[in-house]
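Peer 1: Encoded as structure tokens, here's the structure I'll be asking about.
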Amino acid sequence: MIGKLNHIAIAVPDLVQAAAQYRDRLGVLVSAPQAFPEHGVTVVFIDTGNTKIELLEPLGETSPITKFLAANPDGGMHHMCFEVDDITAAAAQLAATGARVLGDGKPKTGAHGQPVLFVHPKDFLGTLIELEQRAGVERAGGTCG
Ligand code: CO
């Protein structure tokens, strides 16, 4: 059902310091920080060639990663994101296995402008899973572009 690993998201308390660590210790190219107020995060993107790493720093009072960082003050892996061809079908398939889709169960537009949804970490070995509809694929019922 799932496609490529699109990204691994790491929540960090200090984005500038975290980006410098990836750049200086691992020698990877890091993007400039990008603010996503509607998602409550500022993000640095790192392209490793086969996938991406996204460093997330809380933005605003109601950031969805504030609680995670309170529990993990040094930072840590927040979620991983897999691509799917049909996010509505993927949500239905997951629900049928008893996995809880977060929120109202309907896909929302994610940071890459694609429909995304999240599956409860308690239903996935303690890891929050994001599913993102693959770019170039129409919503359910559409055709591949
Ligand atoms: Co993500």
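Residues in the structure tokens are numbered from 1 in each chain, the chains being A, B, ... in the order shown, and ligands are numbered from 1 in the order shown.
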DSSP on the backbone, then: every residue of region 1-84 of chain A marked strand (DSSP E), written as an NGL selection string.
Peer 2: :A and (5-11 or 34-36 or 41-47 or 52-58 or 76-84)
Peer 1: Could you save the residues just selected, with N, CA, C and O atoms, as a short mmCIF file (atom, residue, chain, number, x, y, z; two decimals), in the first residue's frame?
Peer 2:
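Full text of again17.cif as output:
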data_model
loop_
_atom_site.label_atom_id
_atom_site.label_comp_id
_atom_site.auth_asym_id
_atom_site.auth_seq_id
_atom_site.Cartn_x
_atom_site.Cartn_y
_atom_site.Cartn_z
N LEU A 5 9.51 6.32 1.33
CA LEU A 5 9.66 7.12 2.54
C LEU A 5 9.92 8.55 2.08
O LEU A 5 10.96 8.83 1.48
N ASN A 6 8.98 9.45 2.32
CA ASN A 6 9.12 10.82 1.85
C ASN A 6 10.04 11.64 2.74
O ASN A 6 10.90 12.37 2.27
N HIS A 7 9.83 11.52 4.06
CA HIS A 7 10.72 12.22 4.99
C HIS A 7 10.63 11.65 6.39
O HIS A 7 9.67 10.97 6.74
N ILE A 8 11.67 11.94 7.15
CA ILE A 8 11.68 11.68 8.59
C ILE A 8 11.73 13.04 9.25
O ILE A 8 12.55 13.89 8.87
N ALA A 9 10.84 13.28 10.20
CA ALA A 9 10.78 14.58 10.86
C ALA A 9 11.37 14.46 12.26
O ALA A 9 10.99 13.58 13.04
N ILE A 10 12.29 15.37 12.55
CA ILE A 10 12.95 15.41 13.85
C ILE A 10 12.55 16.72 14.53
O ILE A 10 12.78 17.80 13.98
N ALA A 11 11.94 16.61 15.70
CA ALA A 11 11.61 17.82 16.47
C ALA A 11 12.86 18.27 17.20
O ALA A 11 13.57 17.45 17.79
N GLN A 34 12.21 27.65 6.98
CA GLN A 34 10.96 28.10 6.38
C GLN A 34 9.85 28.02 7.41
O GLN A 34 9.65 26.96 8.01
N ALA A 35 9.13 29.12 7.61
CA ALA A 35 8.05 29.14 8.60
C ALA A 35 6.75 28.66 7.98
O ALA A 35 6.40 29.05 6.86
N PHE A 36 6.05 27.81 8.70
CA PHE A 36 4.72 27.34 8.29
C PHE A 36 3.75 27.63 9.44
O PHE A 36 3.42 26.73 10.22
N VAL A 41 4.98 25.17 12.81
CA VAL A 41 6.38 24.77 12.83
C VAL A 41 7.22 25.64 11.89
O VAL A 41 6.71 26.18 10.91
N THR A 42 8.50 25.76 12.21
CA THR A 42 9.50 26.27 11.28
C THR A 42 10.36 25.07 10.89
O THR A 42 10.71 24.25 11.75
N VAL A 43 10.68 24.94 9.60
CA VAL A 43 11.29 23.70 9.09
C VAL A 43 12.59 24.00 8.35
O VAL A 43 12.67 24.95 7.58
N VAL A 44 13.60 23.17 8.60
CA VAL A 44 14.79 23.11 7.75
C VAL A 44 14.74 21.79 7.00
O VAL A 44 14.54 20.73 7.61
N PHE A 45 14.88 21.85 5.69
CA PHE A 45 14.81 20.65 4.85
C PHE A 45 16.22 20.17 4.50
O PHE A 45 17.10 20.97 4.16
N ILE A 46 16.42 18.86 4.59
CA ILE A 46 17.69 18.25 4.24
C ILE A 46 17.40 17.12 3.26
O ILE A 46 16.63 16.21 3.59
N ASP A 47 17.98 17.21 2.07
CA ASP A 47 17.76 16.17 1.06
C ASP A 47 18.94 15.21 1.11
O ASP A 47 20.08 15.61 0.85
N LYS A 52 14.22 12.62 2.64
CA LYS A 52 14.50 13.93 3.23
C LYS A 52 14.42 13.83 4.75
O LYS A 52 13.71 12.98 5.28
N ILE A 53 15.14 14.70 5.39
CA ILE A 53 14.99 14.87 6.83
C ILE A 53 14.45 16.29 7.02
O ILE A 53 14.90 17.22 6.34
N GLU A 54 13.45 16.42 7.88
CA GLU A 54 12.88 17.73 8.18
C GLU A 54 13.10 18.01 9.66
O GLU A 54 12.64 17.26 10.51
N LEU A 55 13.84 19.06 9.93
CA LEU A 55 14.03 19.49 11.32
C LEU A 55 12.92 20.47 11.65
O LEU A 55 12.72 21.46 10.94
N LEU A 56 12.17 20.16 12.71
CA LEU A 56 11.00 20.98 13.07
C LEU A 56 11.23 21.69 14.39
O LEU A 56 11.59 21.07 15.38
N GLU A 57 10.99 22.99 14.38
CA GLU A 57 11.03 23.79 15.61
C GLU A 57 9.63 24.36 15.82
O GLU A 57 8.97 24.78 14.85
N PRO A 58 9.16 24.39 17.08
CA PRO A 58 7.81 24.92 17.31
C PRO A 58 7.69 26.37 16.86
O PRO A 58 8.63 27.15 16.98
N GLY A 76 14.03 14.76 19.13
CA GLY A 76 13.89 13.34 18.81
C GLY A 76 13.05 13.15 17.58
O GLY A 76 12.48 14.10 17.04
N MET A 77 12.97 11.87 17.13
CA MET A 77 12.19 11.60 15.93
C MET A 77 10.71 11.80 16.22
O MET A 77 10.17 11.19 17.13
N HIS A 78 10.08 12.69 15.48
CA HIS A 78 8.67 13.03 15.71
C HIS A 78 7.73 12.17 14.87
O HIS A 78 6.75 11.67 15.34
N HIS A 79 8.05 12.00 13.58
CA HIS A 79 7.25 11.12 12.73
C HIS A 79 8.01 10.75 11.48
O HIS A 79 9.05 11.32 11.19
N MET A 80 7.51 9.71 10.79
CA MET A 80 8.01 9.45 9.45
C MET A 80 6.84 9.46 8.50
O MET A 80 5.70 9.18 8.88
N CYS A 81 7.14 9.85 7.26
CA CYS A 81 6.08 10.08 6.27
C CYS A 81 6.29 9.20 5.06
O CYS A 81 7.36 9.21 4.44
N PHE A 82 5.26 8.41 4.75
CA PHE A 82 5.28 7.57 3.56
C PHE A 82 4.33 8.14 2.51
O PHE A 82 3.28 8.69 2.84
N GLU A 83 4.72 7.99 1.25
CA GLU A 83 3.85 8.42 0.15
C GLU A 83 2.83 7.32 -0.15
O GLU A 83 3.14 6.13 -0.05
N VAL A 84 1.62 7.74 -0.50
CA VAL A 84 0.59 6.80 -0.96
C VAL A 84 -0.03 7.37 -2.23
O VAL A 84 -0.02 8.58 -2.46
#
Peer 1: Near Asp85 (chain A), counting only C-alpha atoms, which residues have an atom at most 8 Å away, once you skip same-chain residues fewer than 3 positions from it, shown as a list of chain:residue names?
Peer 2: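 Contacts, in chain order: A:Ile2, A:Gly3, A:Gln133, A:Arg134, A:Val137.
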Peer 1: Here is a test: counting only C-alpha atoms and all ligand atoms, which residue of A:Val28, A:Ile87, A:Val116, A:Ala135 is nearest to ligand 1?
Peer 2: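 Between A:Val28, A:Ile87, A:Val116, A:Ala135, the residue approaching ligand 1 most closely is A:Val116.
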Peer 1: Which one is closest to ligand 1: A:Gly103, A:His39, A:Ala92, A:Asp123? Count only C-alpha atoms and all ligand atoms.
Peer 2: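 The answer is A:His39, which sits nearest to ligand 1.
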Peer 1: What is the CA of Ala71 (chain A)-CA of Gly27 (chain A) distance in Å, reported with one decimal?
Peer 2: 29.0 Å
Peer 1: For each of A:Lys4, A:Glu132, A:Pro13, A:Lys122, take the minimum atom-to-atom distance to Asn72 (chain A), counting only C-alpha atoms, then give the residue where this is smallest.
Peer 2: A:Pro13
Peer 1: Write out as number ranges by chain the residues lying within 12 Å of Glu38 (chain A), counting only C-alpha atoms and excluding same-chain residues fewer than 2 positions away.
Peer 2: A: 35-36, 40-42, 58-64, 108-111, 113
Peer 1: Please dump the current selection as a short mmCIF file (atom, residue, chain, number, x, y, z; two decimals), in the first residue's frame; keep all heavy atoms.
Peer 2:
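Result file out36.cif:
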data_model
loop_
_atom_site.label_atom_id
_atom_site.label_comp_id
_atom_site.auth_asym_id
_atom_site.auth_seq_id
_atom_site.Cartn_x
_atom_site.Cartn_y
_atom_site.Cartn_z
N ALA A 35 9.13 29.12 7.61
CA ALA A 35 8.05 29.14 8.60
C ALA A 35 6.75 28.66 7.98
O ALA A 35 6.40 29.05 6.86
CB ALA A 35 7.88 30.56 9.14
N PHE A 36 6.05 27.81 8.70
CA PHE A 36 4.72 27.34 8.29
C PHE A 36 3.75 27.63 9.44
O PHE A 36 3.42 26.73 10.22
CB PHE A 36 4.73 25.84 7.97
CG PHE A 36 5.54 25.48 6.77
CD1 PHE A 36 6.88 25.14 6.89
CD2 PHE A 36 4.97 25.49 5.51
CE1 PHE A 36 7.64 24.82 5.77
CE2 PHE A 36 5.71 25.17 4.38
CZ PHE A 36 7.06 24.83 4.51
N GLY A 40 2.21 25.41 12.54
CA GLY A 40 2.82 25.60 13.85
C GLY A 40 4.27 25.14 13.93
O GLY A 40 4.74 24.77 15.01
N VAL A 41 4.98 25.17 12.81
CA VAL A 41 6.38 24.77 12.83
C VAL A 41 7.22 25.64 11.89
O VAL A 41 6.71 26.18 10.91
CB VAL A 41 6.58 23.28 12.40
CG1 VAL A 41 6.09 22.33 13.47
CG2 VAL A 41 5.93 22.97 11.06
N THR A 42 8.50 25.76 12.21
CA THR A 42 9.50 26.27 11.28
C THR A 42 10.36 25.07 10.89
O THR A 42 10.71 24.25 11.75
CB THR A 42 10.36 27.37 11.92
OG1 THR A 42 9.48 28.38 12.44
CG2 THR A 42 11.30 28.00 10.92
N PRO A 58 9.16 24.39 17.08
CA PRO A 58 7.81 24.92 17.31
C PRO A 58 7.69 26.37 16.86
O PRO A 58 8.63 27.15 16.98
CB PRO A 58 7.63 24.83 18.84
CG PRO A 58 8.72 23.95 19.33
CD PRO A 58 9.83 23.99 18.32
N LEU A 59 6.52 26.72 16.34
CA LEU A 59 6.22 28.09 15.94
C LEU A 59 4.84 28.43 16.48
O LEU A 59 3.87 27.76 16.15
CB LEU A 59 6.25 28.21 14.41
CG LEU A 59 5.84 29.55 13.80
CD1 LEU A 59 6.79 30.66 14.21
CD2 LEU A 59 5.79 29.45 12.28
N GLY A 60 4.78 29.44 17.34
CA GLY A 60 3.49 29.87 17.90
C GLY A 60 3.11 29.12 19.16
O GLY A 60 3.78 28.17 19.57
N GLU A 61 2.01 29.59 19.76
CA GLU A 61 1.58 29.09 21.07
C GLU A 61 0.99 27.69 21.01
O GLU A 61 1.03 26.95 21.98
CB GLU A 61 0.52 30.04 21.66
CG GLU A 61 1.00 31.46 21.90
CD GLU A 61 2.12 31.53 22.92
OE1 GLU A 61 1.93 30.99 24.02
OE2 GLU A 61 3.19 32.11 22.61
N THR A 62 0.44 27.34 19.85
CA THR A 62 -0.31 26.08 19.77
C THR A 62 0.37 25.07 18.85
O THR A 62 -0.28 24.28 18.19
CB THR A 62 -1.75 26.33 19.27
OG1 THR A 62 -1.65 27.00 18.00
CG2 THR A 62 -2.53 27.20 20.24
N SER A 63 1.72 25.14 18.81
CA SER A 63 2.44 24.22 17.93
C SER A 63 2.15 22.77 18.30
O SER A 63 2.14 22.39 19.48
CB SER A 63 3.95 24.47 18.05
OG SER A 63 4.64 23.47 17.33
N PRO A 64 1.93 21.91 17.29
CA PRO A 64 1.65 20.49 17.57
C PRO A 64 2.87 19.74 18.12
O PRO A 64 2.72 18.59 18.54
CB PRO A 64 1.22 19.93 16.21
CG PRO A 64 1.81 20.86 15.21
CD PRO A 64 1.86 22.21 15.86
N LYS A 108 -5.70 16.52 5.42
CA LYS A 108 -5.51 17.97 5.43
C LYS A 108 -4.35 18.28 4.49
O LYS A 108 -3.57 17.41 4.16
CB LYS A 108 -5.11 18.45 6.84
CG LYS A 108 -6.09 18.03 7.94
CD LYS A 108 -7.13 19.10 8.17
CE LYS A 108 -8.04 18.80 9.36
NZ LYS A 108 -8.76 17.53 9.29
N THR A 109 -4.24 19.54 4.10
CA THR A 109 -3.12 19.91 3.24
C THR A 109 -1.86 20.06 4.09
O THR A 109 -1.85 20.82 5.05
CB THR A 109 -3.43 21.22 2.49
OG1 THR A 109 -4.61 21.02 1.73
CG2 THR A 109 -2.29 21.59 1.56
N GLY A 110 -0.82 19.30 3.74
CA GLY A 110 0.42 19.30 4.50
C GLY A 110 1.39 20.37 4.04
O GLY A 110 1.06 21.21 3.19
N ALA A 111 2.58 20.33 4.60
CA ALA A 111 3.59 21.36 4.35
C ALA A 111 4.09 21.35 2.90
O ALA A 111 4.69 22.33 2.45
CB ALA A 111 4.77 21.20 5.30
N GLY A 113 1.99 20.93 0.38
CA GLY A 113 0.84 21.25 -0.45
C GLY A 113 0.06 20.01 -0.90
O GLY A 113 -0.83 20.12 -1.73
#
Peer 1: How many Å separate CA of Val119 (chain A) from CA of Thr97 (chain A)?
Peer 2: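 The value is 11.7 Å.
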Peer 1: Could you jot down the CA of Leu26 (chain A) to CA of Asn50 (chain A) separation for me, Å, one decimal place?
Peer 2: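 Going from CA of Leu26 (chain A) over to CA of Asn50 (chain A) covers 15.6 Å.
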Peer 1: Between A:Ile65, A:Gly98, A:Gly75, A:Asp86, single out the one closest to ligand 1, counting only C-alpha atoms and all ligand atoms.
Peer 2: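 Residue with the minimum atom-to-atom distance to ligand 1: A:Ile65.
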Peer 1: Using the chain letters and numbers from this document, which residues of region 46-85 of chain A does DSSP assign to helix (DSSP H, G or I), as a PyMOL selection string?
Peer 2: chain A and resi 66-71
Peer 1: Save the residues we just selected, all heavy atoms, as a PDB file, in the first residue's frame?
Peer 2:
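And here is the file that came out, part.pdb:
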ATOM      1  N   THR A  66       4.961  21.062  20.575  1.00  0.00           N
ATOM      2  CA  THR A  66       5.350  21.587  21.888  1.00  0.00           C
ATOM      3  C   THR A  66       5.354  20.495  22.960  1.00  0.00           C
ATOM      4  O   THR A  66       6.298  20.380  23.748  1.00  0.00           O
ATOM      5  CB  THR A  66       4.411  22.739  22.297  1.00  0.00           C
ATOM      6  OG1 THR A  66       4.524  23.769  21.314  1.00  0.00           O
ATOM      7  CG2 THR A  66       4.783  23.304  23.662  1.00  0.00           C
ATOM      8  N   LYS A  67       4.294  19.686  22.972  1.00  0.00           N
ATOM      9  CA  LYS A  67       4.169  18.632  23.982  1.00  0.00           C
ATOM     10  C   LYS A  67       5.278  17.589  23.816  1.00  0.00           C
ATOM     11  O   LYS A  67       5.866  17.127  24.793  1.00  0.00           O
ATOM     12  CB  LYS A  67       2.801  17.941  23.839  1.00  0.00           C
ATOM     13  CG  LYS A  67       2.014  17.889  25.136  1.00  0.00           C
ATOM     14  CD  LYS A  67       0.603  17.397  24.919  1.00  0.00           C
ATOM     15  CE  LYS A  67       0.535  15.876  24.911  1.00  0.00           C
ATOM     16  NZ  LYS A  67      -0.827  15.359  24.665  1.00  0.00           N
ATOM     17  N   PHE A  68       5.566  17.253  22.554  1.00  0.00           N
ATOM     18  CA  PHE A  68       6.612  16.276  22.263  1.00  0.00           C
ATOM     19  C   PHE A  68       7.958  16.763  22.799  1.00  0.00           C
ATOM     20  O   PHE A  68       8.718  16.011  23.413  1.00  0.00           O
ATOM     21  CB  PHE A  68       6.696  16.030  20.752  1.00  0.00           C
ATOM     22  CG  PHE A  68       7.753  15.038  20.349  1.00  0.00           C
ATOM     23  CD1 PHE A  68       7.458  13.693  20.243  1.00  0.00           C
ATOM     24  CD2 PHE A  68       9.053  15.452  20.078  1.00  0.00           C
ATOM     25  CE1 PHE A  68       8.431  12.776  19.877  1.00  0.00           C
ATOM     26  CE2 PHE A  68      10.034  14.542  19.719  1.00  0.00           C
ATOM     27  CZ  PHE A  68       9.724  13.204  19.615  1.00  0.00           C
ATOM     28  N   LEU A  69       8.257  18.054  22.579  1.00  0.00           N
ATOM     29  CA  LEU A  69       9.540  18.591  23.041  1.00  0.00           C
ATOM     30  C   LEU A  69       9.594  18.716  24.562  1.00  0.00           C
ATOM     31  O   LEU A  69      10.673  18.608  25.150  1.00  0.00           O
ATOM     32  CB  LEU A  69       9.832  19.934  22.372  1.00  0.00           C
ATOM     33  CG  LEU A  69      10.445  19.818  20.976  1.00  0.00           C
ATOM     34  CD1 LEU A  69      10.482  21.174  20.292  1.00  0.00           C
ATOM     35  CD2 LEU A  69      11.838  19.203  21.018  1.00  0.00           C
ATOM     36  N   ALA A  70       8.432  18.928  25.182  1.00  0.00           N
ATOM     37  CA  ALA A  70       8.409  18.966  26.645  1.00  0.00           C
ATOM     38  C   ALA A  70       8.802  17.598  27.195  1.00  0.00           C
ATOM     39  O   ALA A  70       9.500  17.490  28.207  1.00  0.00           O
ATOM     40  CB  ALA A  70       7.025  19.379  27.137  1.00  0.00           C
ATOM     41  N   ALA A  71       8.355  16.540  26.504  1.00  0.00           N
ATOM     42  CA  ALA A  71       8.679  15.169  26.926  1.00  0.00           C
ATOM     43  C   ALA A  71      10.069  14.741  26.459  1.00  0.00           C
ATOM     44  O   ALA A  71      10.668  13.830  27.032  1.00  0.00           O
ATOM     45  CB  ALA A  71       7.631  14.202  26.393  1.00  0.00           C
TER      46      ALA A  71
END
Peer 1: Between A:Ala90, A:Val12, A:Leu117, A:Leu125, which is the closest to ligand 1 once you count only C-alpha atoms and all ligand atoms?
Peer 2: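 Nearest candidate to ligand 1 out of A:Ala90, A:Val12, A:Leu117, A:Leu125: A:Leu117.
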Peer 1: Choose the residue, out of A:Pro107, A:Tyr22, A:Val101, A:Gln114, that has the smallest atom-to-atom separation from Ile129 (chain A); count only C-alpha atoms.
Peer 2: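 Ranking A:Pro107, A:Tyr22, A:Val101, A:Gln114 by distance to Ile129 (chain A), first place goes to A:Val101.
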